[in-house]
Structure formats: C-alpha cells, structure tokens
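The structure appears right after this line, and notes come after that.
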Amino acid sequence: MVGSDQHRRDVLSRIRSATHGCTQELSQINSAYDALPRAYFRQSHLSNEMLCERMLERLREYDAKVVECAPTELPAAIAGQLLVSGKRTFVAPPGVPLEWMGSEFTWKVDNQLTTEEIEQADGALTGAFCGIADSGTIVLHHSETEGRRLISLLPDWHFCVLYASQLVEMLPEYFGRCNVPPGLATFISGPSATADIEMTRIKGVHGPRFLVVVLVRDV
Amino acid sequence: MSESVTERLSPKRSRLDPEFAPPFPEAALPILRDPQVRKNVAHATDVIQAKRGKLVIEKTDWRQLREAASAIRSHALENLGAYLEEFELRCTAAGGIVHWASDAGEARQIILELLRQENASSVIKIKTMTSAEIQLNSHLQAAGVEVFETDLAEIILQLGDEEPSHIVVPALHMNRSQVREIFSRRMGLEGLSDDPEALTAAARNYLRDKFLKIPTAIGGANFLIAESGSVVVVESEGNGRMCLTVPRTLITLAGIEKVLPRFRDLEVMLQVLARSATGERMNPYTSMWTGIKPDDGPQHFHVVLLDNGRSSILARKTERQTLKCIRCAACMNTCPVYRQTGGHAYGSVYPGPIGAILTPQLERMKHAQSLPFASSLCGACYEVCPVKINIPEVLIELRAQVVDGERHNLKRLLDPIYLGMKVASFVFQKAWRFRMAQLLGRKALRFFTRRDGWIHSLPSLGAKWTQTRDLRGFPDQTFRGWWAAERGSRNGRV
Amino acid sequence: MRASLFITCYNDTLFPETGRAVVKLLERLGIELDFRTEQTCCGQMHANTGFRGEAFSLAKRFIQLYGQTELVVIPSSSCVAMIRDQYPGLIEELGSDSLRREFAALLPRIYELSEFLIDQLNLEDVNAYFPHRVTYHASCHGVRSLHLGDRPYRLLSRVRGLTLLTLPNVDRCCGFGGTFSVKNADVSSAMLAAKLQDVVSTDAEYCTALDNSCLMHLGGAMHRQYQGMKVIHLAEILASTDSSLKGGRG
C-alpha cells in the first residue's frame with residue numbers, strides 16, 4: 001500500500017487540532033449543515049413552453065444544432081439529422097430504442113466495443129437525464145440509454161435526444177431531481193472550447209465538435 | 001525508483017519557486033518594462049471581467065449565491081476532518097484508493113510509486129495547479145517519466161518552456177504569434193498560421209494519439225464530494241474528459257481543502273465558479289465520477305490528498321478563509337496590481353491576490369514574504385470573490401506576521417520603513433512631539449523645496465516617491481497652527 | 001449641533017487648506033466645531049504596514065481622546081475605514097473590556113465628511129459655488145469599506161456652476177496604497193500612470209476626491225508630467241462660494 005497509515009494519521013491529527021479537535025457528532029455537523037443560508041433561487045416559475053424556448057435559445061448560442069419534434073416524429077427527426085450531417089457510421093448505447101436507429105445508417109451498438117471502434121465511428125446517439133435551460137446544459141448520467149462515457153466523447157458528432165419533460169430552468173432544480181447522487185455525471189454546455197489564445201474563443205478542441213439536440217415535445 | 005535516485009537526478013528549478021524567486025518589487029520590474037505582456041494581461045482580464053460583469057447583473061440572486069458559497073466552504077473547513085473521512089470511506093467503497101500526503105515530497109513519492117507499479121514510462125495530465133505547487137512534472141521527468149500536458153495553455157507553456165502566469169488562463173501573457181512560433185518549432189509544423197483556429201487544430205492533432213495510447217493519467221479535482229466519495233472536474237476543452245475516461249489508471253491529486261459536504265452543494269459552487277472564472281453561465285464540460293465503474297472508464301483509481309501546509313492555515317482564525325478558495329481567478333482578473341505586473345512577478349504558481357496570501361502561508365511564512373505587501377489594499381478582490389474571502393484582511397494579518405518575525409533581526413535598523421514607523425509611533429504618542437516633528441520636518445524639507453513650492457527629488461526612501469511624482473513642500477502653517485492662531489487660547493497653543 | 005474635527009495626521013501637516021475648508025463649510029452650516037489638540041494619528045499607516053502593536057496603541061489613544069465626544073467628523077475615508085474595519089480586531093486582540101466598551105460607544109459617532117453631510121445633516125445642497133469642470137475619483141476605502149455609494153455625486157451635483165465629468169474606470173485604484181507607494185514604487189507608478197491617463201482623458205480642470213492621500217499621489221504626478229489639471233479635496237469645493245477662489249494644487 002503506497003503512502004502509509006502514518007501519513008493518514010498525521011494529516012488527520014493536524015486537521016483535528018487545527019479545528020480544535022472537534023470530533024463532532026455527525027448529528028451536530030448535520031444540524032450546522034442544514035442551517036446554512038440558502039436564499040438563492042431554487043424553484044422555477046416558467047412554463048414548460050418557456051423552458052423549451054430558453055433551452056433552444058441557449059443551445060443555439062453555443063452553435064449546437066437543435067430541432068424540435070412531437071414524440072411520434074422522433075425516429076424521423078433523428079434520421080433527418082443524421083442524414084443532414086452527411087455521416088454514416090454511428091455508435092449507440094445498448095439501451096437506445098431500436099426505432100431511433102434508422103436502417104439507412106451503419107450502427108454499432110455498444111456491447112463492449114473497443115476504443116478503436118468507437119474512435120472510428122462518425123457520431124454517437126444517446127439519450128440524456130436532464131436539460132438545464134438557464135445555461136443550456138445537458139446532463140448525462142450514463143445509464144443504458146445514455147451510454148458509457150467514451151461513446152459521447154470520442155466521435156466528432158454527438159446526437160442527443162432530450163425530452164421536454166426532462167427540462168428544468170435552473171441548476172438547483174436538477175439536483176432536486178436526483179434522489180441520490182449519481183455515480184457518474186457529465187454536464188455538457190456546448191461543444192468544447194478554449195479561450196487560451198488571446199481570449200479568442202475557439203470551439204471544438206477535444207470532445208465532439210458537433211452537437212445536435214433533438215428536443216421531443218412530450219409535455 | 002527510490003526517492004534517493006530521484007533526488008540525485010535533480011529536477012530543473014522552476015522560476016516560480018517561492019523559495020528562490022526574487023522579491024515582488026524586483027520581479028515586477030522587467031515586466032513593467034514589457035508593454036506587450038502588460039497589453040496581453042490587460043486584454044485578457046478585461047475580456048473575462050466584462051463577461052463576468054454581465055452575468056453577475058443577470059443573476060439576480062448573485063448576492064445570495066455568494067453568501068451560500070461562502071457559508072458552505074466555511075462549514076466544510078470547520079468540519080474538515082469528518083468530511084475527509086467520509087469522502088475516503090465512500091470513495092474506497094466504490095473501488096477508489098485514497099492516499100494521504102503531509103507534504104509535497106510525500107505526494108511525489110506516492111505518485112512515483114504508483115507509476116512504478118504501473119510500469120508507466122509516460123503520463124497524460126489534466127491541468128492541476130496542485131501538481132505545479134508540488135513541482136510534480138520536473139520530478140517525474142527526472143525519474144524518467146515523460147509528461148504530456150493536455151490543456152492547450154499547458155501545452156503552450158510546456159513546449160515553449162514558459163511558466164504559467166494565471167490560474168485559469170495560464171498563457172494569457174502570450175499572444176498568437178508567440179504561440180505559433182512555439183508550435184511550429186516544437187511540433188515541426190512549417191507554414192502553420194497564427195490563426196487561433198489553426199493553432200487549436202494543431203494541438204488537437206498533436207494530442208489525439210496520446211489520449212488513446214497512454215494508459216495512465218494524472219489530474220486534479222475542483223471538488224471532492226464527501227457524501228458520495230465523488231470527484232468533480234470542471235473544464236472547457238475536453239482534454240479532462242479524455243484523461244478521465246480513456247486510460248486504464250487515473251491518479252487524482254487534490255488539496256485537502258477541496259472537499260464539499262454534499263452533492264447538492266454543487267448547485268451553488270458551479271453557478272459561481274463558471275461565472276467568476278470564465279464569464280460563462282456554465283463551462284463546456286463538468287465531469288463527476290465515483291471510484292470505479294466496471295466497463296466504463298479507468299479501472300484503477302487513486303486519490304492523493306495533499307496537506308502541504310493547509311492544516312497550518314486551517315488552524316489560524318483570520319487566515320483560515322484562505323482555504324475557501326475555489327481557484328476561479330476572479331481576484332486577479334480585477335486586481336489593479338496584477339494588471340500591471342502579470343503573474344510571473346509573484347514568483348509562485350499561485351499569483352495575484354490569492355497567491356499573495358496563499359503562497360507565503362504554504363511556505364510557512366519562511367519565503368515569499370514580499371507577497372503580502374504586493375497590494376495597495378484596494379479591496380477589489382474581496383468584492384468579486386465568489387466565496388467572500390476577505391483578502392485585504394488576510395494581507396494585513398500576514399504583514400503583521402512578517403514584521404513581528406523581523407523584530408529581533410538587527411538588519412531592521414537599516415530599514416528606513418522600520419525606522420520611520422518606530423519614529424512615527426513615538427512621535428504620535430504626544431501632541432507636542434507631533435508639533436515638533438512637523439516643525440522639524442518643514443525645516444528639513446525646505447532644503448529640497450524649489451521656488452514653486454514643490455519638491456522634485458528626495459534622498460533615500462523619499463527617492464522612491466520622487467522617481468515619478470513631485471511632492472508639495474510642507475505648508476508654512478499646519479492646520480492645528482492655524483486653528484490655534486484663529487481660535488486662540490480656547491483650544492491650546494501653536 | 002456640535003461636532004469634533006479629527007483632521008488626520010497628513011491633512012494637518014500637508015493639506016491644512018482642506019481642514020480650513022471643512023471648518024468654513026461646517027460652520028457655515030451651523031455646526032459648532034471643536035478641535036481636540038491632543039489628536040495625532042489613527043494608526044492606519046502602522047496597521048497596514050504590519051506594525052500592529054504600534055497601531056493598537058494609537059487606536060487606544062484615539063478612542064480615549066474622543067470617548068466623550070458628541071460626533072467626530074473626519075475628512076478622509078481611509079482613516080474612517082481604519083476605525084471601522086481594523087479597530088475591532090485590534091481591540092479584540094490587544095484591548096481591555098473597558099476599551100471595548102468605549103469603542104462600541106464611539107463607533108456610531110464617527111463620520112466621514114460626505115456621510116456627515118448627507119446622513120447626519122440630511123443635506124445635499126450646501127450652497128457651494130465652484131464654476132469649473134471637475135472629475136471625481138472614487139477612493140477605494142470610500143467605495144469598498146464605507147460604501148459611500150452616490151453620496152459624493154449627490155453633493156457634487158448640487159454645486160452651482162460645476163460641470164461633473166465622468167471618470168473612466170472611476171473605482172480602479174490609483175496605486176497609492178500608503179507605504180505601498182514607496183515599497184512597491186514601480187508598480188505604484190505604473191498604476192498611477194494608468195489612472196492619470198483616465199483622469200486626463202476627461203479634460204477636466206480639477207480632479208477631486210474624498211482622500212488627500214489619493215490626491216497627493218495623483219497631484220504629484222500631474223505636477224511632474226501634466227500641468228493642465230489640479231487636484232482639490234471635495235471639502236474645498238463644497239466650502240467654495242466665491243467665484244474668484246482658485247484653489248487646488250498641482
């Protein structure tokens with residue numbers, strides 16, 4: 001075991017004496033935690049219609065491509081976007097519904113795909129857990145429908161299906177939707193970017209350079 | 001690789017080593033003479049500040065968010081031991097391995113041992129200031145491990161053999177043609193244009209292969225979540241996601257102060273961090289993971305928790321707030337001193353206002369003693385700090401410590417500031433002494449006062465003033481002299 | 001109404017005209033002014049340079065001198081900031097219980113000049129006349145410690161004949177910072193140059209502020225490099241009623 005127990009004891013004992021050795025009861029700590037001031041906005045008053053509008057606006061600001069559709073139109077909307085991209089080979093997580101995967105394209109469902117196979121695909125199709133309209137953020141919890149992290153990372157295109165019912169206005173509301181902390185979470189707010197050179201914002205460094213969102217109006 | 005071997009191949013000394021860096025006034029001078037650097041710094045900080053300003057106005061609960069952010073960080077620090085232990089428990093239960101390091105040397109030793117176990121001859125790195133703090137790269141290189149930085153700014157600095165000058169935009173002191181020169185030379189790309197798009201594409205190509213082939217990554221953490229044992233990394237480029245997802249082994253180095261009590265605390269921290277750091281509502285990518293997930297991402301995960309002086313800061317009442325810092329760099333973006341000097345003048349990987357208080361403390365006040373004085377105490381940093389660190393208050397406290405530490409040093413008798421302060425203190429104890437000093441001062445300065453009533457040149461400490469400023473000569477009559485003359489005996493004598 | 005004037009060590013010695021203006025102004029407004037001759041210095045310079053023990057002893061002296069006063073007016077926002085921001089910590093650490101009590105009683109009676117006029121006298125118009133183009137520099141302590149807000153502007157807006165010109169980057173530090181101006185003279189001068197550029201760009205005749213420390217810094221550079229403008233403390237503008245009074249320095 002690298003780094004012995006002694007190091008651990010030393011660090012913790014210094015911390016304890018720095019915080020006056022309070023080996024506080026967890027209940028005491030929890031009371032103090034619950035009493036912390038939280039007067040910031042935690043609840044939205046926007047209608048779902050307005051949430052959709054806001055989300056679309058933010059996504060467009062990021063130069064993400066967005067289309068809306070009714071639930072029955074979803075497979076066609078997806079196929080339409082895949083066609084427009086001009087790409088052919090896509091990866092999808094195993095939980096993605098079959099009707100999302102149009103036969104005009106080549107699909108690799110992720111049952112233990114190798115990194116090379118994913119890297120060679122043109123794009124990835126996934127679902128999502130939540131959309132945060134205020135910042136145009138898409139949250140993935142990497143479930144069966146969203147796929148493991150590599151899927152939405154390596155290919156140059158990311159096609160993401162987001163439902164209107166998954167939208168919230170502000171970040172605290174997303175946390176409100178998590179009953180327990182997710183083991184994995186990726187927050188995507190636009191394609192990757194850097195401003196390291198003269199503060200000029202350049203999009204698409206690593207990670208998908210093209211983000212396409214299909215917003216399903218299921219509310 | 002034992003520690004003795006690595007020490008023998010002594011690593012290259014960084015210019016940002018507080019132990020050897022020149023004092024701030026000396027370090028600042030060459031940069032003050034470099035208009036290009038100052039222009040780059042002013043441009044970059046203006047851009048971020050403008051963006052931040054707009055978003056702060058838009059966020060009508062900004063004040064409440066700041067209040068909450070400050071309270072959450074203070075609470076976490078008050079209960080640091082308990083929260084760190086909870087983090088360790090949960091992270092370990094999820095398959096992570098947690099290590100503890102008292103200081104930089106221990107941390108490096110732990111990491112080198114882990115790399116030895118991996119037979120790692122190279123690593124990919126996500127930018128982490130903490131690794132720069134412990135000078136990890138140069139020690140890894142001395143031990144024969146090739147280090148590939150993957151942040152664009154870090155690549156620029158690494159290939160250009162430069163040092164970071166800012167916490168969030170480390171290469172902001174450089175412009176596009178400087179970057180083009182470095183890339184074309186080090187990546188062997190003739191005919192590379194200086195368009196930022198082309199430069200970024202060059203970096204993307206340079207790194208792709210490394211992301212996919214190098215099985216060991218080292219990164220940092222923006223936050224550690226005690227409740228779930230999770231780690232959070234906030235980034236823009238996607239290189240973080242690459243390093244956190246593709247390799248077989250991930251080593252996360254994190255200062256002990258990074259811990260947050262609960263997952264939902266991110267609802268506050270992420271809102272204030274993105275706006276403060278880059279002037280965005282949300283940065284492009286934030287990743288959170290917990291230990292190991294089978295078939296998804298690294299299957300070996302280590303966290304190295306670093307003390308390196310933080311527990312000493314924790315112990316001190318006024319200084320503890322230093323540890324609330326979430327490394328957003330808003331303070332240096334607004335600092336009028338940083339605007340003139342850039343980051344290198346601070347002789348530390350942590351520059352600007354936060355660096356002025358953090359660096360000397362991490363050095364246990366043995367080095368970087370000029371940094372607490374590298375400020376006009378204007379308070380702009382405190383105004384923008386998302387976690388409400390009262391930086392001026394800490395600066396003044398550290399100044400007192402530096403001065404108290406010098407009180408037994410004979411050299412202080414040669415210091416005009418020290419002598420001036422002691423004389424002034426003596427004089428101010430009695431009004432008659434003050435009046436005498438005013439009289440003597442007026443007489444002494446008459447020698448330096450020109451016919452127009454102004455002083456253009458003074459000796460010793462005064463020369464520091466008169467190098468760029470005139471000083472009006474002492475008026476013939478002080479205010480109290482006037483009052484006594486006008487108001488007579490009712491209130492005393494001349 | 002009675003009030004006691006704390007002139008500040010540097011105003012007393014270097015800018016007595018500001019003190020005279022404060023007296024003229026406040027007496028014109030019907031205030032009976034007192035000047036405690038035992039006053040010297042609030043201790044700010046010592047506190048900010050790290051000489052904490054010395055600062056405490058000056059703080060104690062200040063508190064004991066003014067303990068029984070009705071109100072204290074101070075034409076310097078940095079000195080008021082010292083009393084409000086730093087005295088509590090110094091007394092907590094080094095003072096006795098009785099000193100703590102004395103200070104608690106004194107603190108609410110301390111006023112910076114513009115606070116005194118607006119908050120205590122409820123006045124914006126002080127019958128001033130100053131027919132010149134003026135720009136206002138917002139000293140850091142006034143903005144960030146005292147939260148003076150628009151008080152200075154309200155006072156300036158009622159001065160007859162005065163044209164107020166907006167200063168770009170109005171609340172960016174001028175670079176004085178007390179001993180910073182000599183300990184880090186080069187950086188201080190660079191900050192000063194940037195500030196001077198902003199000030200000169202307004203094409204004002206006068207640059208004013210609530211702190212002579214900033215004005216000494218700016219005025220010193222103006223006198224060296226740019227003769228087209230003078231600095232003047234806000235008190236002197238507010239005291240001015242005579243069109244022939246030139247005033248200002250630099």
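We name chains A, B, ... following the order of the structure tokens; residues begin at 1 in each chain, and ligands are numbered from 1 as shown.
Every chain B residue lying within 6 Å of chain C, based on only C-alpha atoms, is listed here: Pro25, Ser376, Cys378, Ile396, Arg399, Ala400, Val403, Phe428, Ala431, Lys464, Trp465, Arg469, Asp470, Leu471, Phe474, Thr478 and Phe479 of chain B.
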Surrounding residues of Val168 of chain A excluding itself and chain neighbours under 6 positions, 9 Å, only C-alpha atoms, as a VMD selection string | chain A and resid 44 46 48 51 130 to 134 174
Let me see the file: selected residues, C-alpha atoms, as a tab-separated table (two decimals), in the first residue's frame.
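Result written to part_1.tsv:
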chain	number	residue	atom	x	y	z
A	44	SER	CA	-38.67	27.94	-11.35
A	46	LEU	CA	-41.54	29.11	-16.00
A	48	ASN	CA	-42.53	24.09	-19.96
A	51	LEU	CA	-38.27	26.26	-20.69
A	130	CYS	CA	-31.85	16.28	-17.75
A	131	GLY	CA	-31.60	19.61	-19.54
A	132	ILE	CA	-30.95	22.86	-17.66
A	133	ALA	CA	-32.43	25.69	-19.66
A	134	ASP	CA	-30.73	28.61	-17.92
A	174	TYR	CA	-31.57	19.39	-11.47
What's the 10 Å shell around Arg151 of chain C, counting only C-alpha atoms, without same-chain residues fewer than 6 positions away, as a PyMOL selection string?
-> chain C and resi 114-115+117-119+124+157
For segment 98-115 of chain A, please output as a PDB file with C-alpha atoms, in the first residue's frame all residues within 9 Å (counting only C-alpha atoms; exclusion window: fewer than 2 positions along the same chain).
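Below you can see out-v6.pdb, which holds the result:
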ATOM      1  CA  LEU A  74     -38.868  11.252 -33.109  1.00  0.00           C
ATOM      2  CA  PRO A  75     -37.400   8.465 -35.264  1.00  0.00           C
ATOM      3  CA  ALA A  76     -37.872  10.590 -38.374  1.00  0.00           C
ATOM      4  CA  ILE A  78     -33.302  11.636 -35.677  1.00  0.00           C
ATOM      5  CA  ALA A  79     -32.903  10.121 -39.101  1.00  0.00           C
ATOM      6  CA  LEU A  82     -28.174  12.001 -39.155  1.00  0.00           C
ATOM      7  CA  LEU A  83     -28.748  12.424 -42.869  1.00  0.00           C
ATOM      8  CA  LYS A  87     -22.109  10.901 -41.767  1.00  0.00           C
ATOM      9  CA  ARG A  88     -22.718   7.168 -41.976  1.00  0.00           C
ATOM     10  CA  THR A  89     -21.399   5.195 -39.023  1.00  0.00           C
ATOM     11  CA  PHE A  90     -22.808   5.733 -35.566  1.00  0.00           C
ATOM     12  CA  VAL A  91     -22.453   4.180 -32.137  1.00  0.00           C
ATOM     13  CA  ALA A  92     -25.345   3.843 -29.768  1.00  0.00           C
ATOM     14  CA  PRO A  93     -25.621   2.593 -26.203  1.00  0.00           C
ATOM     15  CA  PRO A  94     -27.433  -0.732 -25.730  1.00  0.00           C
ATOM     16  CA  GLY A  95     -30.463   0.905 -24.126  1.00  0.00           C
ATOM     17  CA  VAL A  96     -31.343   3.118 -27.084  1.00  0.00           C
ATOM     18  CA  GLU A 117     -14.167   1.026 -32.921  1.00  0.00           C
ATOM     19  CA  ILE A 118     -15.678   3.976 -31.098  1.00  0.00           C
ATOM     20  CA  GLU A 119     -12.950   6.281 -32.324  1.00  0.00           C
ATOM     21  CA  GLN A 120     -13.649   5.261 -35.896  1.00  0.00           C
ATOM     22  CA  ALA A 121     -17.357   5.959 -35.710  1.00  0.00           C
ATOM     23  CA  LEU A 125     -26.565   8.832 -30.476  1.00  0.00           C
ATOM     24  CA  GLY A 147     -24.136   5.021 -22.692  1.00  0.00           C
ATOM     25  CA  ARG A 148     -20.734   4.819 -21.144  1.00  0.00           C
ATOM     26  CA  LEU A 150     -16.455   7.044 -24.151  1.00  0.00           C
ATOM     27  CA  ILE A 151     -19.439   6.957 -26.503  1.00  0.00           C
ATOM     28  CA  LEU A 154     -14.672  10.213 -28.884  1.00  0.00           C
TER      29      LEU A 154
ATOM     30  CA  LEU B 212      -5.808   6.977 -26.979  1.00  0.00           C
ATOM     31  CA  VAL B 246      -9.836   6.619 -21.745  1.00  0.00           C
ATOM     32  CA  ASP B 295     -16.520  -1.296 -18.108  1.00  0.00           C
TER      33      ASP B 295
END
Quick one: residues within 9 Å of Ser230 of chain B, only C-alpha atoms counted, chain neighbours fewer than 4 positions away excluded, as a CSV table (one decimal) with N, CA and C atoms, in the first residue's frame?
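Just written: around.csv:
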chain,number,residue,atom,x,y,z
A,183,GLY,N,-23.6,8.1,-9.6
A,183,GLY,CA,-22.2,7.7,-9.6
A,183,GLY,C,-21.3,8.4,-10.6
A,184,LEU,N,-22.0,8.6,-11.8
A,184,LEU,CA,-21.3,9.3,-12.9
A,184,LEU,C,-22.2,10.4,-13.4
B,87,PHE,N,-15.4,11.2,2.8
B,87,PHE,CA,-15.1,11.1,1.4
B,87,PHE,C,-14.2,9.8,1.2
B,90,ARG,N,-16.4,6.5,1.4
B,90,ARG,CA,-17.3,6.3,0.2
B,90,ARG,C,-16.5,6.0,-1.0
B,91,CYS,N,-15.4,6.8,-1.2
B,91,CYS,CA,-14.6,6.6,-2.4
B,91,CYS,C,-14.0,5.2,-2.4
B,223,PHE,N,-13.5,19.8,-7.0
B,223,PHE,CA,-14.3,19.5,-5.7
B,223,PHE,C,-14.2,18.0,-5.4
B,224,LEU,N,-14.2,17.7,-4.1
B,224,LEU,CA,-14.4,16.3,-3.7
B,224,LEU,C,-15.7,16.3,-2.9
B,225,ILE,N,-16.6,15.3,-3.2
B,225,ILE,CA,-17.9,15.3,-2.6
B,225,ILE,C,-17.8,14.2,-1.4
B,226,ALA,N,-18.0,14.7,-0.2
B,226,ALA,CA,-17.9,13.8,0.9
B,226,ALA,C,-19.0,12.7,0.9
B,263,PHE,N,-23.4,16.4,-2.5
B,263,PHE,CA,-23.6,16.6,-3.9
B,263,PHE,C,-24.3,17.8,-4.3
B,288,MET,N,-18.2,14.2,-13.2
B,288,MET,CA,-18.2,13.7,-11.9
B,288,MET,C,-18.1,12.2,-11.9
B,289,TRP,N,-17.3,11.6,-11.1
B,289,TRP,CA,-17.2,10.1,-11.1
B,289,TRP,C,-16.9,9.7,-9.7
B,290,THR,N,-17.2,8.4,-9.4
B,290,THR,CA,-17.1,7.9,-8.1
B,290,THR,C,-16.4,6.6,-8.1
B,291,GLY,N,-15.2,6.6,-7.6
B,291,GLY,CA,-14.4,5.3,-7.6
B,291,GLY,C,-14.3,4.8,-9.0
Take atom CA of Glu133 of chain B and atom CA of Ala104 of chain B and report the distance between them in Å, one decimal.
->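 We find that atom CA of Glu133 of chain B and atom CA of Ala104 of chain B lie 7.9 Å from each other.
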What lies within 12 Å of segment 15-18 of chain A using only C-alpha atoms, ignoring chain neighbours under 6 positions off, as number ranges by chain?
-> A: 8-9, 24; B: 77-85, 102, 256-257, 306-317, 319-320
Who sits within 6 Å of Val170 of chain C, only C-alpha atoms, same chain under 3 positions skipped, as a list of chain:residue names = C:His137, C:Ala138, C:Leu167
Restricting the output to N, CA and C atoms, write the selected residues as a PDB file, in the first residue's frame.
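The resulting file, selection-v3.pdb, is shown below:
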ATOM      1  N   HIS C 137     -12.668  61.180  -8.484  1.00  0.00           N
ATOM      2  CA  HIS C 137     -12.025  59.865  -8.343  1.00  0.00           C
ATOM      3  C   HIS C 137     -12.547  59.219  -7.068  1.00  0.00           C
ATOM      4  N   ALA C 138     -13.080  58.012  -7.210  1.00  0.00           N
ATOM      5  CA  ALA C 138     -13.665  57.313  -6.054  1.00  0.00           C
ATOM      6  C   ALA C 138     -12.587  56.515  -5.329  1.00  0.00           C
ATOM      7  N   LEU C 167     -15.365  59.961 -14.827  1.00  0.00           N
ATOM      8  CA  LEU C 167     -14.015  59.402 -14.931  1.00  0.00           C
ATOM      9  C   LEU C 167     -14.116  57.945 -15.369  1.00  0.00           C
TER      10      LEU C 167
END
Which residue, B:Thr60, B:Gln361, B:Gln135, B:Asn222, has the smallest gap to Ser14 of chain B when you use only C-alpha atoms?
->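 Checking each of B:Thr60, B:Gln361, B:Gln135, B:Asn222 against Ser14 of chain B, counting only C-alpha atoms, the winner is B:Gln135.
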Å distance separating atom CA of Arg154 of chain C from atom CA of Leu25 of chain C, one decimal place =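 Atom CA of Arg154 of chain C sits 16.4 Å away from atom CA of Leu25 of chain C.
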Taking the DSSP assignment computed from this structure's backbone, write out as a PyMOL selection string all residues of segment 206-319 of chain B that belong to strand (DSSP E).
-> chain B and resi 216-219+223-225+230-235+249-255+259-260+285-290+300-306
Please dump the current selection as a PDB file, in the first residue's frame; keep C-alpha atoms.
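Output file out.pdb follows:
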ATOM      1  CA  THR B 216      -2.003   6.438 -17.195  1.00  0.00           C
ATOM      2  CA  ALA B 217      -3.411   9.873 -16.411  1.00  0.00           C
ATOM      3  CA  ILE B 218      -2.812  12.355 -13.626  1.00  0.00           C
ATOM      4  CA  GLY B 219      -5.276  15.092 -12.848  1.00  0.00           C
ATOM      5  CA  PHE B 223     -14.253  19.457  -5.710  1.00  0.00           C
ATOM      6  CA  LEU B 224     -14.385  16.280  -3.657  1.00  0.00           C
ATOM      7  CA  ILE B 225     -17.877  15.288  -2.553  1.00  0.00           C
ATOM      8  CA  SER B 230     -17.068  11.525  -5.817  1.00  0.00           C
ATOM      9  CA  VAL B 231     -14.624  13.788  -7.605  1.00  0.00           C
ATOM     10  CA  VAL B 232     -15.613  16.741  -9.793  1.00  0.00           C
ATOM     11  CA  VAL B 233     -13.545  18.235 -12.604  1.00  0.00           C
ATOM     12  CA  VAL B 234     -14.603  21.461 -14.325  1.00  0.00           C
ATOM     13  CA  GLU B 235     -13.114  22.223 -17.767  1.00  0.00           C
ATOM     14  CA  THR B 249      -5.334   4.193 -14.472  1.00  0.00           C
ATOM     15  CA  LEU B 250      -6.242   7.597 -13.100  1.00  0.00           C
ATOM     16  CA  ILE B 251      -4.454   9.395 -10.286  1.00  0.00           C
ATOM     17  CA  THR B 252      -6.173  12.428  -8.815  1.00  0.00           C
ATOM     18  CA  LEU B 253      -4.135  14.850  -6.736  1.00  0.00           C
ATOM     19  CA  ALA B 254      -6.232  17.120  -4.533  1.00  0.00           C
ATOM     20  CA  GLY B 255      -5.616  19.558  -1.717  1.00  0.00           C
ATOM     21  CA  VAL B 259     -13.993  18.822  -0.074  1.00  0.00           C
ATOM     22  CA  LEU B 260     -17.673  19.801  -0.162  1.00  0.00           C
ATOM     23  CA  TYR B 285     -17.736  20.177 -19.562  1.00  0.00           C
ATOM     24  CA  THR B 286     -18.084  19.165 -15.944  1.00  0.00           C
ATOM     25  CA  SER B 287     -17.348  15.551 -15.055  1.00  0.00           C
ATOM     26  CA  MET B 288     -18.179  13.708 -11.875  1.00  0.00           C
ATOM     27  CA  TRP B 289     -17.210  10.143 -11.095  1.00  0.00           C
ATOM     28  CA  THR B 290     -17.128   7.886  -8.065  1.00  0.00           C
ATOM     29  CA  HIS B 300      -7.654   1.751 -11.308  1.00  0.00           C
ATOM     30  CA  PHE B 301      -8.326   4.971  -9.465  1.00  0.00           C
ATOM     31  CA  HIS B 302      -6.239   6.688  -6.810  1.00  0.00           C
ATOM     32  CA  VAL B 303      -6.782   9.905  -4.898  1.00  0.00           C
ATOM     33  CA  VAL B 304      -3.791  11.586  -3.261  1.00  0.00           C
ATOM     34  CA  LEU B 305      -4.935  14.019  -0.584  1.00  0.00           C
ATOM     35  CA  LEU B 306      -2.377  16.751  -0.032  1.00  0.00           C
TER      36      LEU B 306
END
Which residues of segment 114-214 of chain C come within 7 Å of segment 233-241 of chain C, and for each one, what is the closest pair of atoms and their distance in Å to one decimal, counting only C-alpha atoms, sorted by chain and residue number, as CSV?
residue,atom,partner,partner_atom,distance
C:Val126,CA,C:Leu238,CA,6.8
C:Ala128,CA,C:Thr241,CA,5.1
C:Tyr129,CA,C:Thr241,CA,4.6
C:Phe130,CA,C:Ser240,CA,6.2
C:Thr208,CA,C:His233,CA,5.4
C:Ala209,CA,C:His233,CA,5.5
C:Leu210,CA,C:Leu234,CA,5.6
C:Asp211,CA,C:His233,CA,6.9
C:Asn212,CA,C:His233,CA,6.4
Could you give me, as a tab-separated table, a per-residue list for chain A showing, wherever an atom lies at most 7 Å from an atom of chain B, the closest pair of atoms and their distance in Å to one decimal, using only C-alpha atoms and sorting by chain then residue number from low to high?
residue	atom	partner	partner_atom	distance
A:Val2	CA	B:Ile110	CA	5.9
A:Gly3	CA	B:Ile110	CA	5.8
A:His7	CA	B:Trp100	CA	5.7
A:Arg8	CA	B:Trp100	CA	5.1
A:Val11	CA	B:Ser102	CA	5.9
A:Leu12	CA	B:Gly81	CA	6.1
A:Arg14	CA	B:Ser311	CA	6.0
A:Ile15	CA	B:Ser311	CA	5.4
A:Arg16	CA	B:Gly81	CA	6.2
A:Ala18	CA	B:Ala315	CA	3.9
A:Thr19	CA	B:Glu78	CA	6.1
A:Leu36	CA	B:Ala71	CA	6.3
A:Pro37	CA	B:Ala68	CA	5.5
A:Arg38	CA	B:Ala68	CA	5.6
A:Ala39	CA	B:Gln64	CA	5.5
A:Tyr40	CA	B:Gln64	CA	5.0
A:Phe41	CA	B:Asp61	CA	6.5
A:Ser135	CA	B:Arg281	CA	5.5
A:Arg148	CA	B:Asp296	CA	5.6
A:Arg149	CA	B:Asp296	CA	6.6
A:Leu150	CA	B:Thr245	CA	6.5
A:Leu171	CA	B:Glu267	CA	5.7
A:Pro172	CA	B:Glu267	CA	5.1
A:Phe175	CA	B:Arg264	CA	5.8
A:Pro181	CA	B:Phe263	CA	6.1
A:Gly183	CA	B:Thr290	CA	5.3
A:Leu184	CA	B:Trp289	CA	4.6
A:Ala185	CA	B:Met288	CA	5.0
A:Thr186	CA	B:Ser287	CA	4.6
A:Phe187	CA	B:Thr286	CA	4.9
A:Ile188	CA	B:Tyr285	CA	5.0
A:Ser189	CA	B:Pro284	CA	4.4
A:Gly190	CA	B:Pro284	CA	5.4
A:Pro191	CA	B:Pro284	CA	6.3
A:Ser192	CA	B:Glu237	CA	4.7
A:Ala193	CA	B:Glu237	CA	5.0
A:Thr194	CA	B:Glu237	CA	5.7
A:Asp196	CA	B:Ala153	CA	5.7
A:Ile197	CA	B:Arg176	CA	6.1
A:Glu198	CA	B:Asn175	CA	5.6
A:Met199	CA	B:Ala44	CA	5.9
A:Ile202	CA	B:Glu197	CA	6.1
A:Val205	CA	B:Glu237	CA	5.5
A:His206	CA	B:Gly238	CA	4.8
A:Gly207	CA	B:Gly238	CA	5.1
Point-to-point distance from atom CA of Val219 of chain A to atom CA of Pro71 of chain A, Å rounded to tenths =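 These atoms are spaced 9.5 Å apart.
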